[in-house]
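> The file below is final-v4.cif, mmCIF, C-alpha atoms:
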```cif
data_structure
loop_
_atom_site.label_atom_id
_atom_site.label_comp_id
_atom_site.auth_asym_id
_atom_site.auth_seq_id
_atom_site.Cartn_x
_atom_site.Cartn_y
_atom_site.Cartn_z
CA MET A 7 107.36 85.88 117.59
CA ALA A 8 104.21 84.39 118.93
CA ILE A 9 102.79 81.13 117.67
CA ASN A 10 99.83 81.99 115.54
CA LEU A 11 98.19 80.75 112.39
CA GLN A 12 100.67 82.66 110.23
CA SER A 13 103.75 80.95 111.62
CA VAL A 14 102.17 77.50 111.70
CA LEU A 15 101.14 77.81 108.06
CA PHE A 16 104.53 79.23 107.15
CA PHE A 17 106.43 76.30 108.61
CA PHE A 18 103.99 73.79 107.16
CA PHE A 19 104.32 75.27 103.67
CA SER A 20 108.09 75.56 103.92
CA VAL A 21 108.48 71.92 104.96
CA VAL A 22 106.24 70.84 102.10
CA ALA A 23 108.06 73.05 99.58
CA LEU A 24 111.56 72.01 100.60
CA LEU A 25 110.82 68.29 100.84
CA SER A 26 109.04 68.12 97.51
CA ALA A 27 111.77 70.21 95.85
CA ILE A 28 114.41 67.77 97.13
CA MET A 29 112.33 64.84 95.96
CA MET A 30 111.95 66.57 92.61
CA ILE A 31 115.68 66.66 91.95
CA LEU A 32 116.35 63.21 93.40
CA HIS A 33 113.64 61.10 91.82
CA ARG A 34 114.64 58.94 88.89
CA ASN A 35 111.37 59.08 87.01
CA PRO A 36 110.76 62.48 85.37
CA VAL A 37 106.99 62.09 85.74
CA TYR A 38 107.33 61.92 89.52
CA SER A 39 109.71 64.88 89.38
CA ALA A 40 107.06 66.91 87.59
CA ILE A 41 104.41 65.94 90.15
CA PHE A 42 106.67 66.89 93.06
CA LEU A 43 107.35 70.20 91.36
CA ILE A 44 103.59 70.80 91.17
CA VAL A 45 103.39 70.18 94.94
CA THR A 46 106.16 72.77 95.42
CA PHE A 47 104.22 75.24 93.32
CA PHE A 48 101.09 74.79 95.43
CA ALA A 49 103.12 75.43 98.58
CA LEU A 50 104.52 78.59 96.98
CA ALA A 51 100.97 79.71 96.20
CA GLY A 52 100.26 79.28 99.91
CA PHE A 53 103.18 81.60 100.67
CA TYR A 54 101.77 84.19 98.30
CA VAL A 55 98.43 84.06 100.09
CA LEU A 56 100.23 84.45 103.43
CA LEU A 57 102.10 87.44 102.01
CA ASN A 58 98.83 89.11 101.12
CA ALA A 59 99.16 88.70 97.35
CA PRO A 60 96.09 86.73 96.22
CA PHE A 61 96.39 87.87 92.62
CA VAL A 62 99.92 86.52 92.33
CA ALA A 63 98.82 83.29 94.02
CA SER A 64 95.97 82.65 91.60
CA VAL A 65 98.01 83.58 88.53
CA HIS A 66 100.79 81.33 89.82
CA ILE A 67 98.44 78.35 90.11
CA ILE A 68 96.87 79.00 86.71
CA VAL A 69 100.12 79.57 84.82
CA TYR A 70 102.47 77.11 86.50
CA ALA A 71 100.32 74.21 87.68
CA GLY A 72 97.78 74.69 84.93
CA ALA A 73 99.83 75.43 81.84
CA ILE A 74 103.56 74.92 82.29
CA MET A 75 103.49 71.64 84.18
CA VAL A 76 100.86 70.19 81.84
CA LEU A 77 103.24 71.02 79.00
CA PHE A 78 106.09 69.30 80.86
CA LEU A 79 104.04 66.17 81.47
CA PHE A 80 102.92 66.12 77.85
CA VAL A 81 106.51 66.27 76.61
CA ILE A 82 107.69 63.61 79.09
CA MET A 83 104.96 61.24 78.01
CA LEU A 84 105.51 62.09 74.35
CA LEU A 85 109.21 61.24 74.51
CA ASN A 86 108.71 57.95 76.40
CA LEU A 87 111.81 58.21 78.59
CA LYS A 88 111.32 55.11 80.69
CA ARG A 89 114.05 53.08 79.02
CA ASP A 90 116.59 55.85 79.69
CA ALA A 91 116.10 55.87 83.45
CA ILE A 92 119.13 53.68 84.15
CA ARG A 93 121.55 56.12 82.55
CA GLU A 94 120.94 58.80 85.18
CA ARG A 95 123.86 57.67 87.33
CA GLY A 96 126.58 60.29 87.48
CA LYS A 97 130.18 60.03 88.45
CA ILE A 98 131.01 60.48 92.12
CA VAL A 99 133.45 63.33 91.44
CA ARG A 100 130.75 65.23 89.67
CA ARG A 101 128.30 64.79 92.54
CA VAL A 102 130.80 65.95 95.14
CA PHE A 103 131.71 68.93 93.00
CA ALA A 104 128.08 69.91 92.49
CA THR A 105 127.28 69.63 96.20
CA LEU A 106 130.33 71.70 97.05
CA LEU A 107 129.30 74.44 94.61
CA VAL A 108 125.77 74.56 96.04
CA LEU A 109 127.10 74.78 99.58
CA ILE A 110 129.38 77.67 98.58
CA LEU A 111 126.44 79.46 96.98
CA LEU A 112 124.27 78.99 100.08
CA ALA A 113 127.09 80.22 102.32
CA GLU A 114 127.40 83.35 100.20
CA ILE A 115 123.68 84.05 100.47
CA ALA A 116 123.76 83.43 104.23
CA VAL A 117 126.65 85.86 104.60
CA LEU A 118 124.74 88.48 102.60
CA ILE A 119 121.56 88.12 104.66
CA GLY A 120 123.43 88.01 107.95
CA GLY A 121 125.54 91.00 106.97
CA SER A 122 122.52 93.08 106.11
CA ILE A 123 120.97 92.21 109.47
CA LEU A 124 124.08 92.93 111.54
CA SER A 125 125.30 96.08 109.83
CA SER A 126 123.71 99.09 111.50
CA ASN A 127 125.84 102.19 111.13
CA SER A 128 123.66 104.74 109.39
CA ASP A 129 119.96 105.44 109.64
CA GLY A 130 119.34 103.82 106.29
CA ALA A 131 121.01 100.67 107.49
CA ILE A 132 118.84 100.67 110.60
CA ALA A 133 115.71 101.10 108.50
CA ALA A 134 116.85 98.31 106.20
CA GLN A 135 117.59 96.17 109.23
CA GLN A 136 114.14 96.80 110.63
CA THR A 137 112.67 95.85 107.29
CA ILE A 138 114.70 92.66 107.12
CA VAL A 139 113.96 91.57 110.65
CA GLY A 140 110.34 92.57 110.32
CA LEU A 141 110.06 95.18 113.03
CA ALA A 142 108.57 97.83 110.82
CA ASN A 143 105.46 95.95 109.75
CA GLY A 144 102.03 95.41 111.11
CA SER A 145 100.49 98.69 110.11
CA SER A 146 96.95 98.58 108.87
CA ASP A 147 97.36 100.25 105.49
CA THR A 148 98.94 97.27 103.72
CA THR A 149 95.83 95.59 102.40
CA THR A 150 94.47 98.82 101.00
CA VAL A 151 97.35 98.98 98.54
CA VAL A 152 99.35 95.77 98.46
CA GLY A 153 97.76 92.63 97.12
CA ASN A 154 94.82 94.39 95.63
CA THR A 155 94.02 93.05 92.19
CA LYS A 156 92.45 96.32 91.15
CA ALA A 157 95.57 98.24 92.10
CA ILE A 158 97.77 95.78 90.21
CA GLY A 159 95.61 96.11 87.12
CA ARG A 160 95.70 99.88 87.29
CA GLU A 161 99.49 99.88 87.64
CA LEU A 162 99.88 97.39 84.80
CA PHE A 163 97.80 99.41 82.39
CA THR A 164 99.13 102.85 83.27
CA THR A 165 102.71 102.86 84.51
CA TYR A 166 103.76 99.52 83.07
CA ILE A 167 101.83 99.60 79.81
CA LEU A 168 104.97 99.45 77.65
CA PRO A 169 106.47 96.40 79.38
CA PHE A 170 103.04 94.79 79.26
CA GLU A 171 102.84 95.17 75.49
CA ILE A 172 106.42 93.99 75.07
CA ALA A 173 105.52 90.93 77.13
CA SER A 174 102.63 90.19 74.79
CA VAL A 175 105.01 90.41 71.83
CA LEU A 176 107.38 88.07 73.67
CA LEU A 177 104.59 85.54 74.13
CA LEU A 178 103.77 85.78 70.43
CA VAL A 179 107.42 85.14 69.57
CA GLY A 180 107.37 82.15 71.93
CA ILE A 181 104.29 80.71 70.25
CA ILE A 182 105.74 81.11 66.76
CA GLY A 183 109.10 79.71 67.81
CA ALA A 184 107.54 76.67 69.44
CA VAL A 185 105.40 75.93 66.39
CA ILE A 186 108.31 76.27 63.97
CA LEU A 187 110.69 74.21 66.12
CA ALA A 188 108.14 71.46 66.61
CA LYS A 189 107.23 71.30 62.94
CA ARG A 190 110.50 71.46 61.05
CA ASN A 191 112.92 68.60 60.88
CA LEU A 192 116.28 69.68 62.18
CA THR A 193 118.41 67.36 60.12
CA MET B 100 83.03 81.72 143.73
CA GLN B 101 84.25 83.56 140.66
CA LEU B 102 84.54 81.63 137.44
CA PRO B 103 87.43 82.55 135.12
CA THR B 104 86.10 84.73 132.34
CA LEU B 105 86.70 83.91 128.73
CA PRO B 106 88.52 86.53 126.66
CA LYS B 107 86.18 88.64 124.63
CA ALA B 108 86.18 88.21 120.90
CA ASN B 109 87.23 91.74 120.12
CA THR B 110 90.41 91.93 122.15
CA PRO B 111 93.28 93.13 119.96
CA SER B 112 95.11 89.82 119.79
CA ILE B 113 92.12 87.92 118.49
CA GLN B 114 91.15 90.83 116.28
CA LYS B 115 94.56 90.60 114.66
CA PHE B 116 93.98 86.92 114.15
CA ILE B 117 90.71 87.11 112.30
CA THR B 118 90.51 90.40 110.47
CA PRO B 119 92.61 90.75 107.33
CA THR B 120 93.12 94.49 107.71
CA ILE B 121 95.74 94.18 110.45
CA ARG B 122 98.21 91.63 109.22
CA VAL B 123 101.50 90.78 110.87
CA PHE B 124 103.75 88.97 108.46
CA MET B 125 106.43 86.48 109.25
CA PRO B 126 109.83 88.17 109.50
CA LEU B 127 111.35 88.76 106.11
CA VAL B 128 114.53 86.88 106.92
CA TYR B 129 112.61 83.59 107.06
CA TYR B 130 111.34 84.13 103.54
CA LEU B 131 114.81 85.09 102.33
CA LEU B 132 116.35 81.97 103.82
CA LEU B 133 113.61 79.76 102.43
CA SER B 134 113.95 81.12 98.92
CA ALA B 135 117.74 80.81 99.18
CA LEU B 136 117.29 77.14 100.03
CA LEU B 137 114.87 76.61 97.16
CA PHE B 138 117.27 78.35 94.79
CA GLY B 139 120.11 76.15 96.05
CA ILE B 140 118.03 73.03 95.45
CA GLY B 141 117.37 74.28 91.92
CA VAL B 142 121.10 74.83 91.32
CA ALA B 143 121.83 71.35 92.66
CA GLY B 144 119.25 69.91 90.29
CA VAL B 145 120.85 71.64 87.32
CA LEU B 146 124.30 70.42 88.31
CA LEU B 147 123.41 66.89 89.35
CA ARG B 148 120.84 65.73 86.84
CA ARG B 149 121.51 64.95 83.21
CA ASN B 150 117.97 64.65 81.96
CA ALA B 151 117.31 67.89 80.09
CA ILE B 152 113.67 67.98 81.17
CA VAL B 153 114.56 67.71 84.86
CA ILE B 154 117.21 70.41 84.38
CA PHE B 155 114.49 72.57 82.89
CA MET B 156 112.23 71.93 85.88
CA SER B 157 115.07 72.94 88.21
CA ILE B 158 115.37 76.22 86.31
CA GLU B 159 111.66 76.76 86.89
CA LEU B 160 112.23 76.11 90.60
CA MET B 161 114.96 78.77 90.68
CA LEU B 162 112.67 81.29 88.97
CA ASN B 163 110.02 80.56 91.57
CA ALA B 164 112.45 81.05 94.44
CA VAL B 165 113.23 84.50 93.08
CA ASN B 166 109.51 85.19 92.70
CA LEU B 167 109.01 84.35 96.37
CA THR B 168 111.71 86.87 97.28
CA PHE B 169 109.99 89.51 95.16
CA VAL B 170 106.61 88.96 96.81
CA ALA B 171 108.12 88.90 100.30
CA PHE B 172 109.88 92.21 99.72
CA ALA B 173 106.74 93.68 98.17
CA ALA B 174 104.73 92.75 101.24
CA HIS B 175 107.30 94.08 103.68
CA LEU B 176 108.10 97.31 101.89
CA LYS B 177 104.36 97.87 101.25
CA ASN B 178 105.09 98.32 97.59
CA LEU B 179 103.26 96.92 94.58
CA GLU B 180 106.14 96.83 92.12
CA GLY B 181 107.42 93.48 93.36
CA GLN B 182 104.17 91.73 92.50
CA ILE B 183 104.09 93.35 89.06
CA PHE B 184 107.62 92.14 88.43
CA VAL B 185 106.56 88.63 89.43
CA PHE B 186 103.89 88.88 86.74
CA PHE B 187 106.54 89.64 84.11
CA VAL B 188 108.81 86.86 85.35
CA MET B 189 105.91 84.44 84.91
CA ILE B 190 105.38 85.64 81.33
CA VAL B 191 109.04 85.16 80.50
CA ALA B 192 109.01 81.72 82.13
CA ALA B 193 105.98 80.66 80.10
CA ALA B 194 107.58 81.74 76.81
CA GLU B 195 110.85 80.08 77.83
CA VAL B 196 109.13 76.79 78.63
CA ALA B 197 107.29 76.75 75.31
CA VAL B 198 110.43 77.34 73.27
CA GLY B 199 112.66 75.15 75.45
CA LEU B 200 110.40 72.13 75.36
CA ALA B 201 110.06 72.51 71.59
CA LEU B 202 113.86 72.53 71.43
CA ILE B 203 114.05 69.37 73.54
CA VAL B 204 111.51 67.64 71.30
CA ALA B 205 113.47 68.71 68.21
CA ILE B 206 116.74 67.42 69.67
CA PHE B 207 115.07 64.17 70.67
CA ARG B 208 113.96 63.65 67.06
CA VAL B 209 117.54 63.92 65.86
CA LYS B 210 119.55 62.30 68.64
CA ALA B 211 116.87 60.05 70.25
CA THR B 212 118.00 61.13 73.73
CA VAL B 213 117.43 63.96 76.19
CA PHE B 214 120.52 63.34 78.28
CA VAL B 215 122.77 66.35 78.10
CA ASP B 216 126.06 64.46 78.17
CA GLU B 217 125.08 62.60 75.01
CA ILE B 218 124.12 65.77 73.17
CA ASN B 219 127.50 67.05 71.99
CA LEU B 220 126.70 68.39 68.56
CA MET B 221 128.53 71.66 69.18
CA LYS B 222 131.57 70.15 70.88
CA TRP B 223 134.73 70.10 68.81
#
```
Would you give me this structure, written as structure tokens?

Amino acid sequence: MAINLQSVLFFFFSVVALLSAIMMILHRNPVYSAIFLIVTFFALAGFYVLLNAPFVASVHIIVYAGAIMVLFLFVIMLLNLKRDAIRERGKIVRRVFATLLVLILLAEIAVLIGGSILSSNSDGAIAAQQTIVGLANGSSDTTTVVGNTKAIGRELFTTYILPFEIASVLLLVGIIGAVILAKRNLT
Amino acid sequence: MQLPTLPKANTPSIQKFITPTIRVFMPLVYYLLLSALLFGIGVAGVLLRRNAIVIFMSIELMLNAVNLTFVAFAAHLKNLEGQIFVFFVMIVAAAEVAVGLALIVAIFRVKATVFVDEINLMKW
């Protein structure tokens, strides 16, 4: 793989995403956690642009950084959590156990990815292997279909019209549920 | 004396660099490993932290790791369905955040805490 703009941007974005994600889970103050998560989201939007999906990138920025994280920050500031920051110290057994579980999960995923690269018995496996390793890309017809906002809109309103409408109903249910939960007293 | 000639601007390597029609992606395995790491960080956040809001943010991080996998596969298989599925995942995440944060606010009104080890209403 040659060093080009793609790979430089990829490694830059991945370093930014991983570091800010780690800072997000390690920082004591939830406000800083939210801000680090926003940085991670911007890096992910950069990946979407690199992967030739500008529609997903812009929707990602608008929905996550624009709506969801603003909601998070609002709730954090509404609840005034600063006096609780000392209580975030867990037991050592619990930390070791959690780290062990995460390492087991990552090992499983690594075995899956490595197995799908190494297994090459049938033709389908070889094709899948070429897809995984990235040998079968680089053809010029990708941008005509993939990443085109017009094509996504056409698919959404023809093939996926029923899931689209169900998603709108789901959003309506979410709005009503949030209003009712925030209004009523639970006691 | 012959000076070394500069490469012309329309040689294939530079053409690939500037025009968006011929696009060579990073190998898919890099994206898979990266999203696996992001997902693992999200799982670690859920297991390690006790602030319900930070746990919620870690769940968002896991959803985004899966979204990255979807978009990477969509780009490499030259298929649009992955990006459409990402759209639906975002819708579900938005609805989930609205309801979940309302739940956290409601619990905070009753218990005056958002730490999950102090919220044991359903424990018996």
> Can you work out the spacing between CA of Tyr130 in chain B and CA of Met189 in chain B in Å, to one decimal?
19.4 Å
> Compile the contact shell of range 40-44 of chain A as a list in words: residues with an atom at most 9 Å away, counting only C-alpha atoms, same-chain residues fewer than 2 positions apart removed.
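Once the adjacent positions are removed, what remains is Ala23, Leu25, Ser26, Ala27, Ile28, Met29, Met30, Asn35, Pro36, Val37, Tyr38, Thr46, Phe47, Phe48, Ala49, Tyr70, Ala71, Met75, Phe78 and Leu79 of chain A; Val153, Met156, Ser157 and Leu160 of chain B.
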> Please identify all polymer residues lying at most 12 Å from the point (123.8, 68.1, 90.4) (file coordinates), using only C-alpha atoms, and present the result as a PyMOL selection string.
(chain A and resi 28+31-32+94-109) or (chain B and resi 139-150+153-154+157)
> Can you work out which residues from chain B touch chain A at a cut-off of 7 Å (counting all atoms listed in the file) and hand them back as a PyMOL selection string?
chain B and resi 120-128+135+137+139-140+142-144+146-147+149+153+170-171+174-175+177-179+182-183+190+193-194+196-198+201-202+204-205+209
> Calculate how many Å separate CA of Glu159 in chain B from CA of Phe163 in chain A, rounding to one decimal.
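About the pair CA of Glu159 in chain B and CA of Phe163 in chain A: they are 26.9 Å apart.
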> Can you sort out range 172-194 of chain B so it carries N, CA, C and O atoms, written as a PDB file, keeping the file's coordinate frame?

```pdb
ATOM      1  N   PHE B 172     109.449  90.813  99.602  1.00  0.00           N
ATOM      2  CA  PHE B 172     109.880  92.210  99.720  1.00  0.00           C
ATOM      3  C   PHE B 172     108.735  93.168  99.428  1.00  0.00           C
ATOM      4  O   PHE B 172     108.624  94.215 100.071  1.00  0.00           O
ATOM      5  N   ALA B 173     107.872  92.813  98.474  1.00  0.00           N
ATOM      6  CA  ALA B 173     106.740  93.680  98.170  1.00  0.00           C
ATOM      7  C   ALA B 173     105.821  93.808  99.369  1.00  0.00           C
ATOM      8  O   ALA B 173     105.314  94.891  99.676  1.00  0.00           O
ATOM      9  N   ALA B 174     105.613  92.686 100.083  1.00  0.00           N
ATOM     10  CA  ALA B 174     104.730  92.750 101.240  1.00  0.00           C
ATOM     11  C   ALA B 174     105.363  93.542 102.377  1.00  0.00           C
ATOM     12  O   ALA B 174     104.681  94.281 103.079  1.00  0.00           O
ATOM     13  N   HIS B 175     106.679  93.426 102.536  1.00  0.00           N
ATOM     14  CA  HIS B 175     107.300  94.080 103.680  1.00  0.00           C
ATOM     15  C   HIS B 175     107.610  95.537 103.430  1.00  0.00           C
ATOM     16  O   HIS B 175     107.601  96.334 104.354  1.00  0.00           O
ATOM     17  N   LEU B 176     107.865  95.898 102.188  1.00  0.00           N
ATOM     18  CA  LEU B 176     108.100  97.310 101.890  1.00  0.00           C
ATOM     19  C   LEU B 176     106.816  98.031 101.537  1.00  0.00           C
ATOM     20  O   LEU B 176     106.846  99.209 101.202  1.00  0.00           O
ATOM     21  N   LYS B 177     105.679  97.308 101.564  1.00  0.00           N
ATOM     22  CA  LYS B 177     104.360  97.870 101.250  1.00  0.00           C
ATOM     23  C   LYS B 177     104.376  98.525  99.882  1.00  0.00           C
ATOM     24  O   LYS B 177     103.965  99.653  99.693  1.00  0.00           O
ATOM     25  N   ASN B 178     104.872  97.780  98.922  1.00  0.00           N
ATOM     26  CA  ASN B 178     105.090  98.320  97.590  1.00  0.00           C
ATOM     27  C   ASN B 178     104.535  97.313  96.592  1.00  0.00           C
ATOM     28  O   ASN B 178     104.664  96.116  96.775  1.00  0.00           O
ATOM     29  N   LEU B 179     103.934  97.807  95.525  1.00  0.00           N
ATOM     30  CA  LEU B 179     103.260  96.920  94.580  1.00  0.00           C
ATOM     31  C   LEU B 179     104.170  96.453  93.454  1.00  0.00           C
ATOM     32  O   LEU B 179     103.843  95.496  92.761  1.00  0.00           O
ATOM     33  N   GLU B 180     105.317  97.122  93.284  1.00  0.00           N
ATOM     34  CA  GLU B 180     106.140  96.830  92.120  1.00  0.00           C
ATOM     35  C   GLU B 180     106.674  95.403  92.118  1.00  0.00           C
ATOM     36  O   GLU B 180     106.851  94.820  91.050  1.00  0.00           O
ATOM     37  N   GLY B 181     106.912  94.842  93.290  1.00  0.00           N
ATOM     38  CA  GLY B 181     107.420  93.480  93.360  1.00  0.00           C
ATOM     39  C   GLY B 181     106.448  92.495  92.746  1.00  0.00           C
ATOM     40  O   GLY B 181     106.834  91.611  91.976  1.00  0.00           O
ATOM     41  N   GLN B 182     105.163  92.654  93.049  1.00  0.00           N
ATOM     42  CA  GLN B 182     104.170  91.730  92.500  1.00  0.00           C
ATOM     43  C   GLN B 182     104.033  91.895  90.999  1.00  0.00           C
ATOM     44  O   GLN B 182     103.831  90.924  90.265  1.00  0.00           O
ATOM     45  N   ILE B 183     104.169  93.129  90.514  1.00  0.00           N
ATOM     46  CA  ILE B 183     104.090  93.350  89.060  1.00  0.00           C
ATOM     47  C   ILE B 183     105.288  92.697  88.371  1.00  0.00           C
ATOM     48  O   ILE B 183     105.160  92.100  87.304  1.00  0.00           O
ATOM     49  N   PHE B 184     106.437  92.779  89.035  1.00  0.00           N
ATOM     50  CA  PHE B 184     107.620  92.140  88.430  1.00  0.00           C
ATOM     51  C   PHE B 184     107.467  90.634  88.397  1.00  0.00           C
ATOM     52  O   PHE B 184     107.900  89.975  87.448  1.00  0.00           O
ATOM     53  N   VAL B 185     106.825  90.066  89.433  1.00  0.00           N
ATOM     54  CA  VAL B 185     106.560  88.630  89.430  1.00  0.00           C
ATOM     55  C   VAL B 185     105.699  88.247  88.228  1.00  0.00           C
ATOM     56  O   VAL B 185     105.929  87.217  87.575  1.00  0.00           O
ATOM     57  N   PHE B 186     104.742  89.103  87.924  1.00  0.00           N
ATOM     58  CA  PHE B 186     103.890  88.880  86.740  1.00  0.00           C
ATOM     59  C   PHE B 186     104.747  88.769  85.475  1.00  0.00           C
ATOM     60  O   PHE B 186     104.578  87.843  84.665  1.00  0.00           O
ATOM     61  N   PHE B 187     105.701  89.680  85.317  1.00  0.00           N
ATOM     62  CA  PHE B 187     106.540  89.640  84.110  1.00  0.00           C
ATOM     63  C   PHE B 187     107.470  88.429  84.116  1.00  0.00           C
ATOM     64  O   PHE B 187     107.726  87.845  83.055  1.00  0.00           O
ATOM     65  N   VAL B 188     107.960  88.065  85.284  1.00  0.00           N
ATOM     66  CA  VAL B 188     108.810  86.860  85.350  1.00  0.00           C
ATOM     67  C   VAL B 188     108.016  85.642  84.919  1.00  0.00           C
ATOM     68  O   VAL B 188     108.514  84.767  84.202  1.00  0.00           O
ATOM     69  N   MET B 189     106.744  85.570  85.326  1.00  0.00           N
ATOM     70  CA  MET B 189     105.910  84.440  84.910  1.00  0.00           C
ATOM     71  C   MET B 189     105.723  84.417  83.400  1.00  0.00           C
ATOM     72  O   MET B 189     105.742  83.347  82.774  1.00  0.00           O
ATOM     73  N   ILE B 190     105.554  85.596  82.793  1.00  0.00           N
ATOM     74  CA  ILE B 190     105.380  85.640  81.330  1.00  0.00           C
ATOM     75  C   ILE B 190     106.638  85.129  80.646  1.00  0.00           C
ATOM     76  O   ILE B 190     106.580  84.299  79.728  1.00  0.00           O
ATOM     77  N   VAL B 191     107.788  85.600  81.111  1.00  0.00           N
ATOM     78  CA  VAL B 191     109.040  85.160  80.500  1.00  0.00           C
ATOM     79  C   VAL B 191     109.236  83.659  80.696  1.00  0.00           C
ATOM     80  O   VAL B 191     109.671  82.945  79.787  1.00  0.00           O
ATOM     81  N   ALA B 192     108.869  83.148  81.878  1.00  0.00           N
ATOM     82  CA  ALA B 192     109.010  81.720  82.130  1.00  0.00           C
ATOM     83  C   ALA B 192     108.109  80.906  81.216  1.00  0.00           C
ATOM     84  O   ALA B 192     108.512  79.856  80.708  1.00  0.00           O
ATOM     85  N   ALA B 193     106.900  81.397  80.974  1.00  0.00           N
ATOM     86  CA  ALA B 193     105.980  80.660  80.100  1.00  0.00           C
ATOM     87  C   ALA B 193     106.533  80.598  78.679  1.00  0.00           C
ATOM     88  O   ALA B 193     106.553  79.523  78.058  1.00  0.00           O
ATOM     89  N   ALA B 194     107.019  81.738  78.166  1.00  0.00           N
ATOM     90  CA  ALA B 194     107.580  81.740  76.810  1.00  0.00           C
ATOM     91  C   ALA B 194     108.810  80.840  76.740  1.00  0.00           C
ATOM     92  O   ALA B 194     108.988  80.078  75.781  1.00  0.00           O
TER      93      ALA B 194
END
```
